[in-house]
Amino acid sequence: MGCAPSIHVSQSGVVYCRGSDECSSPRQGSGASQGPGGPPRGLLVPADAAPRGHAPGPPGAARVRRARAELGSGSSAGSAAPCGATCRGRRRHCCASAEAETQTSYTSVKQVSSAEVRIGPMRLTQDPIQVLLIFAKEDSQSDGFWWACDRAGYRCNIARTPESALECFLDKHHEIIVIDHRQSRAFDAEAVCRSIRATNPSEHTVILAVVSQVSDDHEEASVLPLLHAGFNRRFMENNSIIACYNELIQIEHGEVRSQFKLRACNSVFTALDHCHEAIEITSDDHVIQYVNPAFERMMGYHKGELLGKELADLPKSDKNRADLLDTINTCIKKGKEWQGVYYARRKSGDSIQQHVKITPVIGQGGKIRHFVSLKKLCCTTDNNKQIHKIHRDSGENSQTESHSIRYKSRRKESIDVKSISSRGSDAPSLQNRRYPSMARIHSMTIEAPITKDGLRRLSGNEYVFTKNVHQSHSHLTMPVTINDVPPSIAQLLDNEESWDFNIFELEAVTHKRPLVYLGLKVFSRFGVCEFLNCSEATLRAWLQVIEANYHSSNAYHNSTHAADVLHATAFFLGKERVKGSLDQLDEVAALIAATVHDVDHPGRTNSFLCNAGSELAVLYNDTAVLESHHTALAFQLTVKDAKCNIFKNIDRNHYRTLRQAIIDMVLATEMTKHFEHVNKFVNSINKPMAAEIEGSNCECTPPGKNFPENQILIKRMMIKCADVANPCRPLDLCIEWAGRISEEYFAQTDEEKRQGLPVVMPVFDRNTCSIPKSQISFIDYFITDMFDAWDAFAHLPGLMQHLADNYKHWKTLDDLKCKSLRLPSES
């Protein structure tokens, strides 16, 4: 490769190659050392301007010496260096351009070269700036920018022709481009700028036009032609390195830094585009500025139909309260976040119910500049229909099928637990009923199907619970001990260990106070008083207080339901594998948790309380509202009076362990984490147990013993199954429970309509509801897989047979288009 015929090395270590096309720019030499009195490394100075009309060469040593002399550096060039020693390995080419990476050891330069930039919570590292100089000929102005780049620690390329400039830019994607606009004979600077702007990478590039000085007798030209051509800035000809350096530094800290942040925003928009939640961004005056694809799918619009439109111009649903929009605007205009349920109208005209969160974004001047809205479909049957319609409208049926297959595969983990152990259940038809669509699951309101006069109305849509601690008000004489129970009740309780025990007969004979009597019998059988070191009188008083705080006016969530869950829990604790997996403390905690798990239930769901703005929903941040209330109130009632404090005689450590176990079990009845609990149980209990049985061909030791984590999963699963065991009861009991839960949900829907609240379960409209359909859906989505897993562990063939028989009953009614609990002839 050719080398320049003469090479000079300055004391600053810069190599100047004269007379060579390949070495058309200054180079940083490695062999030259800085002599005494030389300038600090990295402080490079300009050469003198060449006479106009003369084609200057690269900045020679003499020009650098003169420039240094002007700045007082006072050093001359060093001796010549051999070509091979200085140029080999230092020439790089980008098309027809020569590249010089002028990174020096100067500390400040390194700091500039690798800058840390923050945009909101993002932390970014900016690579060294790349600059492209487009000059047909080298002169003092190009030299000035070259040395300014070196001083600033930028990487610099020089291109001599429009073609090489474009090719080099497409390869390097420079942040700054400097184009010589002073002479038009070599190339048209504006045409070069337009050709670069026509490429995608130029979106974030700053292009600078170098223009000639204007004489005093000429009027300064407008910058508009430059802006129209694609230039960002104009630089008046000035070959001073300091002037060029200042210009580049200002561009870096201004436009380049801003463009770098904008480029980083592409990652944020990518995240928004792939987000499953619908997102809408509007200006402070509610003009739509952005919607993501999820929003387009949900609402049925294309973004081109929405961007630039005011929200007020879009069709509104007539299902919202008249003052809802005013309420929302009042809240967000104060800079506060609003969230709640809102009905929106799709392009097709259908109304859909959404959970909406609107967050104001504060911008310049501390003023609100944007509003960001996150929208999710509420879990209702009507919305489920809209989901299918949305997918159909957007042509995403294949995507939906793929999603369904993934969900089916996930649920298969629990479905397959039937093969884990052999059992005598002859209910194989349940295995064939699977609805894989996630949308179908979302259509179910995930509330425990265990849903008072305890509500009193406040202003607006707020509700609070009556907080009076009720004492027993039954006219039935309360027993002093279990031996004092009236004969008619005692005779019923003789059968309480059977799964077919009729809790409704006990409810009738105890005048709707079955919990005290069943509690005394069950707690006595499990030795609870002995474990807690409390008297039977204390236990009786505690049961009375707890039962008094269940609302007998509720159709479903009353003390009869609590007694039913206590009975199921006791039955499960009697199963061999369950008994072998838990300690006595676990048994006591489970019986207490079952007793208190719905105390002071209002007969309304968590969603209702959140929509109504109840005090409890505010207190518990709209999260597991009722379940948190049940546990908190139960402990408050217990420790309030020593006469009913069953924990007063146990030591602190036992109490803390027992309390934590009770809380964990009650919170597990909250159905939003249903599938999480079931999957954990299958993966941590069923599958290892199946593998051990298969490997040893014998009964293995209980999987929970000595593993506290497994004991927790077993207790959660046990109370969850006890809580929703109605479909596994004998048919007459199953039908009675179905009627009670339906009536309670009907009452909630009636209340929501009266008060103008969102109807969270529109399927439970007493005028249109099909009870068989609701039971079939509940069994398919929640019951079958959970009891398959629980049966595989606890071996419950009788329950599974009841489940199959009950499902057959509801299916028969549904096939006959009957919407009631029984056929008219049976009624």
# chains A, B, ... in the order shown; residues from 1 in each chain; ligands from 1

$ residues_around --residues "Leu311 of chain A" --least-positions-apart "5" --cutoff "12 Å" --atoms "only C-alpha atoms" --output "NGL selection string"
:A and (280-289 or 305-306 or 316 or 325 or 344-345 or 371)

$ write_last_selection --atoms "N, CA and C atoms" --output "PDB file, in the first residue's frame"
ATOM      1  N   GLU A 280     -54.158   4.242  25.724  1.00  0.00           N
ATOM      2  CA  GLU A 280     -54.527   5.433  24.964  1.00  0.00           C
ATOM      3  C   GLU A 280     -53.843   6.636  25.614  1.00  0.00           C
ATOM      4  N   ILE A 281     -53.201   7.460  24.805  1.00  0.00           N
ATOM      5  CA  ILE A 281     -52.554   8.670  25.310  1.00  0.00           C
ATOM      6  C   ILE A 281     -53.220   9.866  24.643  1.00  0.00           C
ATOM      7  N   THR A 282     -53.622  10.825  25.446  1.00  0.00           N
ATOM      8  CA  THR A 282     -54.261  12.033  24.922  1.00  0.00           C
ATOM      9  C   THR A 282     -53.513  13.266  25.421  1.00  0.00           C
ATOM     10  N   SER A 283     -53.780  14.371  24.760  1.00  0.00           N
ATOM     11  CA  SER A 283     -53.214  15.649  25.214  1.00  0.00           C
ATOM     12  C   SER A 283     -53.988  16.154  26.423  1.00  0.00           C
ATOM     13  N   ASP A 284     -53.537  17.270  26.949  1.00  0.00           N
ATOM     14  CA  ASP A 284     -54.230  17.820  28.115  1.00  0.00           C
ATOM     15  C   ASP A 284     -55.647  18.270  27.789  1.00  0.00           C
ATOM     16  N   ASP A 285     -55.945  18.528  26.507  1.00  0.00           N
ATOM     17  CA  ASP A 285     -57.307  18.879  26.115  1.00  0.00           C
ATOM     18  C   ASP A 285     -58.018  17.700  25.454  1.00  0.00           C
ATOM     19  N   HIS A 286     -57.543  16.479  25.759  1.00  0.00           N
ATOM     20  CA  HIS A 286     -58.226  15.236  25.385  1.00  0.00           C
ATOM     21  C   HIS A 286     -58.258  14.977  23.879  1.00  0.00           C
ATOM     22  N   VAL A 287     -57.201  15.366  23.192  1.00  0.00           N
ATOM     23  CA  VAL A 287     -57.032  14.990  21.793  1.00  0.00           C
ATOM     24  C   VAL A 287     -56.183  13.712  21.765  1.00  0.00           C
ATOM     25  N   ILE A 288     -56.658  12.708  21.043  1.00  0.00           N
ATOM     26  CA  ILE A 288     -55.971  11.415  21.027  1.00  0.00           C
ATOM     27  C   ILE A 288     -54.651  11.550  20.280  1.00  0.00           C
ATOM     28  N   GLN A 289     -53.572  11.141  20.948  1.00  0.00           N
ATOM     29  CA  GLN A 289     -52.229  11.223  20.364  1.00  0.00           C
ATOM     30  C   GLN A 289     -51.639   9.862  20.050  1.00  0.00           C
ATOM     31  N   GLU A 305     -58.113   6.357  12.337  1.00  0.00           N
ATOM     32  CA  GLU A 305     -59.439   6.924  12.570  1.00  0.00           C
ATOM     33  C   GLU A 305     -59.529   7.658  13.898  1.00  0.00           C
ATOM     34  N   LEU A 306     -58.527   7.465  14.762  1.00  0.00           N
ATOM     35  CA  LEU A 306     -58.599   8.027  16.108  1.00  0.00           C
ATOM     36  C   LEU A 306     -57.620   9.165  16.340  1.00  0.00           C
ATOM     37  N   LYS A 316     -70.434   7.632  22.704  1.00  0.00           N
ATOM     38  CA  LYS A 316     -70.399   7.262  24.113  1.00  0.00           C
ATOM     39  C   LYS A 316     -71.456   6.197  24.394  1.00  0.00           C
ATOM     40  N   LEU A 325     -68.516  11.071  33.682  1.00  0.00           N
ATOM     41  CA  LEU A 325     -67.457  11.778  32.964  1.00  0.00           C
ATOM     42  C   LEU A 325     -67.026  13.033  33.712  1.00  0.00           C
ATOM     43  N   ALA A 344     -67.572   1.613  27.467  1.00  0.00           N
ATOM     44  CA  ALA A 344     -67.131   2.269  26.232  1.00  0.00           C
ATOM     45  C   ALA A 344     -67.906   1.677  25.060  1.00  0.00           C
ATOM     46  N   ARG A 345     -68.041   2.470  24.020  1.00  0.00           N
ATOM     47  CA  ARG A 345     -68.759   2.002  22.832  1.00  0.00           C
ATOM     48  C   ARG A 345     -67.762   1.720  21.723  1.00  0.00           C
ATOM     49  N   PHE A 371     -52.614  12.627  29.235  1.00  0.00           N
ATOM     50  CA  PHE A 371     -53.319  11.662  30.068  1.00  0.00           C
ATOM     51  C   PHE A 371     -53.088  10.277  29.462  1.00  0.00           C
TER      52      PHE A 371
END

$ residues_around --residues "Thr199 of chain A" --least-positions-apart "4" --cutoff "9 Å" --atoms "only C-alpha atoms" --output "list in words"
Leu170, Ser195 and Glu203 of chain A

$ closest_residue --among "A:Val678, A:Leu532, A:Ile783, A:Ile328" --to "His654 of chain A" --atoms "only C-alpha atoms"
A:Leu532

$ closest_residue --among "A:Cys149, A:Ile771, A:Val211, A:Cys193" --to "Phe169 of chain A" --atoms "only C-alpha atoms"
A:Cys193

$ residues_around --residues "Lys357 of chain A" --least-positions-apart "3" --cutoff "9 Å" --atoms "only C-alpha atoms" --output "ChimeraX atom specification"
/A:337-341,372-375

$ atom_distance --atom1 "atom CA of Glu752 of chain A" --atom2 "atom CA of Thr359 of chain A"
26.8 Å

$ atom_distance --atom1 "atom CA of Gly519 of chain A" --atom2 "atom CA of Ile741 of chain A"
23.1 Å

$ residues_around --residues "His630 of chain A" --least-positions-apart "6" --cutoff "10 Å" --atoms "only C-alpha atoms" --output "list in words"
Ala593, Val596, His597, Asp598, Val599, Asp600, His601, Gln636, Ile663, Val666 and Leu667 of chain A

$ residues_around --residues "segment 804-813 of chain A" --least-positions-apart "3" --cutoff "6 Å" --atoms "only C-alpha atoms" --output "PyMOL selection string"
chain A and resi 427+731+772+801+816+818

$ residues_around --residues "Glu744 of chain A" --least-positions-apart "6" --cutoff "9 Å" --atoms "only C-alpha atoms" --output "list in words"
Thr451, Asn554, Ala555, Tyr556, His557, Gly603 and Arg604 of chain A

$ write_last_selection --atoms "N, CA, C and O atoms" --output "tab-separated table (two decimals), in the first residue's frame"
chain	number	residue	atom	x	y	z
A	451	THR	N	-71.30	-16.36	48.14
A	451	THR	CA	-71.51	-14.92	48.22
A	451	THR	C	-72.88	-14.69	48.74
A	451	THR	O	-73.52	-15.26	49.33
A	554	ASN	N	-78.60	-13.28	54.68
A	554	ASN	CA	-77.99	-13.64	53.40
A	554	ASN	C	-78.55	-14.97	52.91
A	554	ASN	O	-78.70	-15.91	53.70
A	555	ALA	N	-78.81	-15.04	51.63
A	555	ALA	CA	-79.33	-16.29	51.08
A	555	ALA	C	-78.28	-17.39	51.14
A	555	ALA	O	-78.60	-18.56	51.38
A	556	TYR	N	-77.03	-17.03	50.96
A	556	TYR	CA	-75.96	-18.04	50.87
A	556	TYR	C	-74.89	-17.85	51.94
A	556	TYR	O	-74.59	-18.77	52.69
A	557	HIS	N	-74.31	-16.69	52.00
A	557	HIS	CA	-73.18	-16.48	52.91
A	557	HIS	C	-73.67	-16.21	54.33
A	557	HIS	O	-73.63	-15.09	54.83
A	603	GLY	N	-72.93	-10.44	51.65
A	603	GLY	CA	-73.79	-10.94	50.57
A	603	GLY	C	-73.54	-10.23	49.26
A	603	GLY	O	-74.37	-10.27	48.35
A	604	ARG	N	-72.40	-9.60	49.15
A	604	ARG	CA	-71.99	-8.91	47.93
A	604	ARG	C	-70.55	-9.29	47.63
A	604	ARG	O	-69.78	-9.60	48.55

$ closest_residue --among "A:Ser140, A:Asn606, A:Asn266, A:Ser552" --to "Glu670 of chain A" --atoms "only C-alpha atoms"
A:Asn606

$ residues_around --residues "Trp499 of chain A" --least-positions-apart "3" --cutoff "12 Å" --atoms "only C-alpha atoms" --output "PyMOL selection string"
chain A and resi 495-496+502-503+564-572+574-575+722+725-726+728-730+733+796-800+802

$ atom_distance --atom1 "atom CA of Asp143 of chain A" --atom2 "atom CA of Ile158 of chain A"
10.4 Å

$ closest_residue --among "A:Val291, A:Leu821, A:Ala165, A:Arg754" --to "Gly308 of chain A" --atoms "only C-alpha atoms"
A:Val291

$ decode --residues "segment 655-666 of chain A" --atoms "all heavy atoms" --output "compact mmCIF listing (two decimals), in the first residue's frame"
# COMPACT_ATOMS: atom_id res chain seq x y z
N TYR A 655 -49.15 -19.12 69.20
CA TYR A 655 -50.21 -18.23 68.72
C TYR A 655 -49.83 -17.61 67.37
O TYR A 655 -50.65 -17.56 66.45
CB TYR A 655 -50.46 -17.13 69.74
CG TYR A 655 -51.41 -16.05 69.23
CD1 TYR A 655 -52.77 -16.31 69.05
CD2 TYR A 655 -50.94 -14.78 68.91
CE1 TYR A 655 -53.64 -15.33 68.58
CE2 TYR A 655 -51.80 -13.80 68.43
CZ TYR A 655 -53.14 -14.08 68.27
OH TYR A 655 -53.99 -13.11 67.79
N ARG A 656 -48.60 -17.16 67.23
CA ARG A 656 -48.19 -16.53 65.98
C ARG A 656 -48.22 -17.53 64.82
O ARG A 656 -48.65 -17.20 63.72
CB ARG A 656 -46.78 -15.94 66.14
CG ARG A 656 -46.72 -14.76 67.09
CD ARG A 656 -45.33 -14.19 67.20
NE ARG A 656 -44.87 -13.64 65.92
CZ ARG A 656 -43.68 -13.08 65.75
NH1 ARG A 656 -42.84 -13.00 66.76
NH2 ARG A 656 -43.33 -12.60 64.57
N THR A 657 -47.76 -18.75 65.09
CA THR A 657 -47.80 -19.76 64.04
C THR A 657 -49.23 -20.10 63.65
O THR A 657 -49.57 -20.22 62.47
CB THR A 657 -47.07 -21.03 64.51
OG1 THR A 657 -45.74 -20.69 64.91
CG2 THR A 657 -47.02 -22.07 63.39
N LEU A 658 -50.07 -20.26 64.66
CA LEU A 658 -51.48 -20.58 64.41
C LEU A 658 -52.18 -19.44 63.67
O LEU A 658 -52.93 -19.67 62.71
CB LEU A 658 -52.18 -20.85 65.75
CG LEU A 658 -53.57 -21.47 65.71
CD1 LEU A 658 -53.50 -22.88 65.13
CD2 LEU A 658 -54.17 -21.50 67.12
N ARG A 659 -51.93 -18.24 64.10
CA ARG A 659 -52.55 -17.06 63.46
C ARG A 659 -52.15 -16.96 61.99
O ARG A 659 -52.98 -16.73 61.12
CB ARG A 659 -52.15 -15.80 64.21
CG ARG A 659 -52.53 -14.49 63.52
CD ARG A 659 -52.16 -13.29 64.40
NE ARG A 659 -52.07 -12.07 63.62
CZ ARG A 659 -53.11 -11.33 63.24
NH1 ARG A 659 -54.33 -11.69 63.57
NH2 ARG A 659 -52.94 -10.24 62.53
N GLN A 660 -50.86 -17.16 61.72
CA GLN A 660 -50.40 -17.06 60.33
C GLN A 660 -51.04 -18.14 59.47
O GLN A 660 -51.42 -17.89 58.32
CB GLN A 660 -48.88 -17.18 60.27
CG GLN A 660 -48.30 -16.94 58.89
CD GLN A 660 -48.69 -15.60 58.31
OE1 GLN A 660 -48.58 -14.57 58.96
NE2 GLN A 660 -49.18 -15.60 57.07
N ALA A 661 -51.19 -19.33 60.00
CA ALA A 661 -51.80 -20.41 59.24
C ALA A 661 -53.26 -20.12 58.94
O ALA A 661 -53.76 -20.38 57.83
CB ALA A 661 -51.67 -21.73 60.01
N ILE A 662 -53.98 -19.58 59.91
CA ILE A 662 -55.40 -19.24 59.71
C ILE A 662 -55.54 -18.16 58.64
O ILE A 662 -56.38 -18.26 57.73
CB ILE A 662 -56.03 -18.79 61.04
CG1 ILE A 662 -56.06 -19.94 62.04
CG2 ILE A 662 -57.43 -18.23 60.82
CD1 ILE A 662 -56.38 -19.52 63.47
N ILE A 663 -54.73 -17.12 58.75
CA ILE A 663 -54.79 -16.03 57.77
C ILE A 663 -54.50 -16.54 56.38
O ILE A 663 -55.22 -16.22 55.41
CB ILE A 663 -53.80 -14.90 58.16
CG1 ILE A 663 -54.24 -14.22 59.46
CG2 ILE A 663 -53.69 -13.88 57.03
CD1 ILE A 663 -53.21 -13.25 60.01
N ASP A 664 -53.47 -17.35 56.24
CA ASP A 664 -53.09 -17.87 54.92
C ASP A 664 -54.21 -18.69 54.30
O ASP A 664 -54.49 -18.58 53.10
CB ASP A 664 -51.82 -18.71 55.05
CG ASP A 664 -51.33 -19.22 53.70
OD1 ASP A 664 -50.67 -18.44 52.99
OD2 ASP A 664 -51.62 -20.37 53.36
N MET A 665 -54.88 -19.50 55.11
CA MET A 665 -55.95 -20.34 54.57
C MET A 665 -57.16 -19.52 54.15
O MET A 665 -57.76 -19.77 53.10
CB MET A 665 -56.35 -21.40 55.60
CG MET A 665 -55.26 -22.43 55.87
SD MET A 665 -55.75 -23.67 57.08
CE MET A 665 -56.92 -24.62 56.13
N VAL A 666 -57.53 -18.53 54.95
CA VAL A 666 -58.70 -17.71 54.59
C VAL A 666 -58.41 -16.90 53.32
O VAL A 666 -59.25 -16.80 52.42
CB VAL A 666 -59.11 -16.80 55.76
CG1 VAL A 666 -60.24 -15.86 55.32
CG2 VAL A 666 -59.56 -17.62 56.96
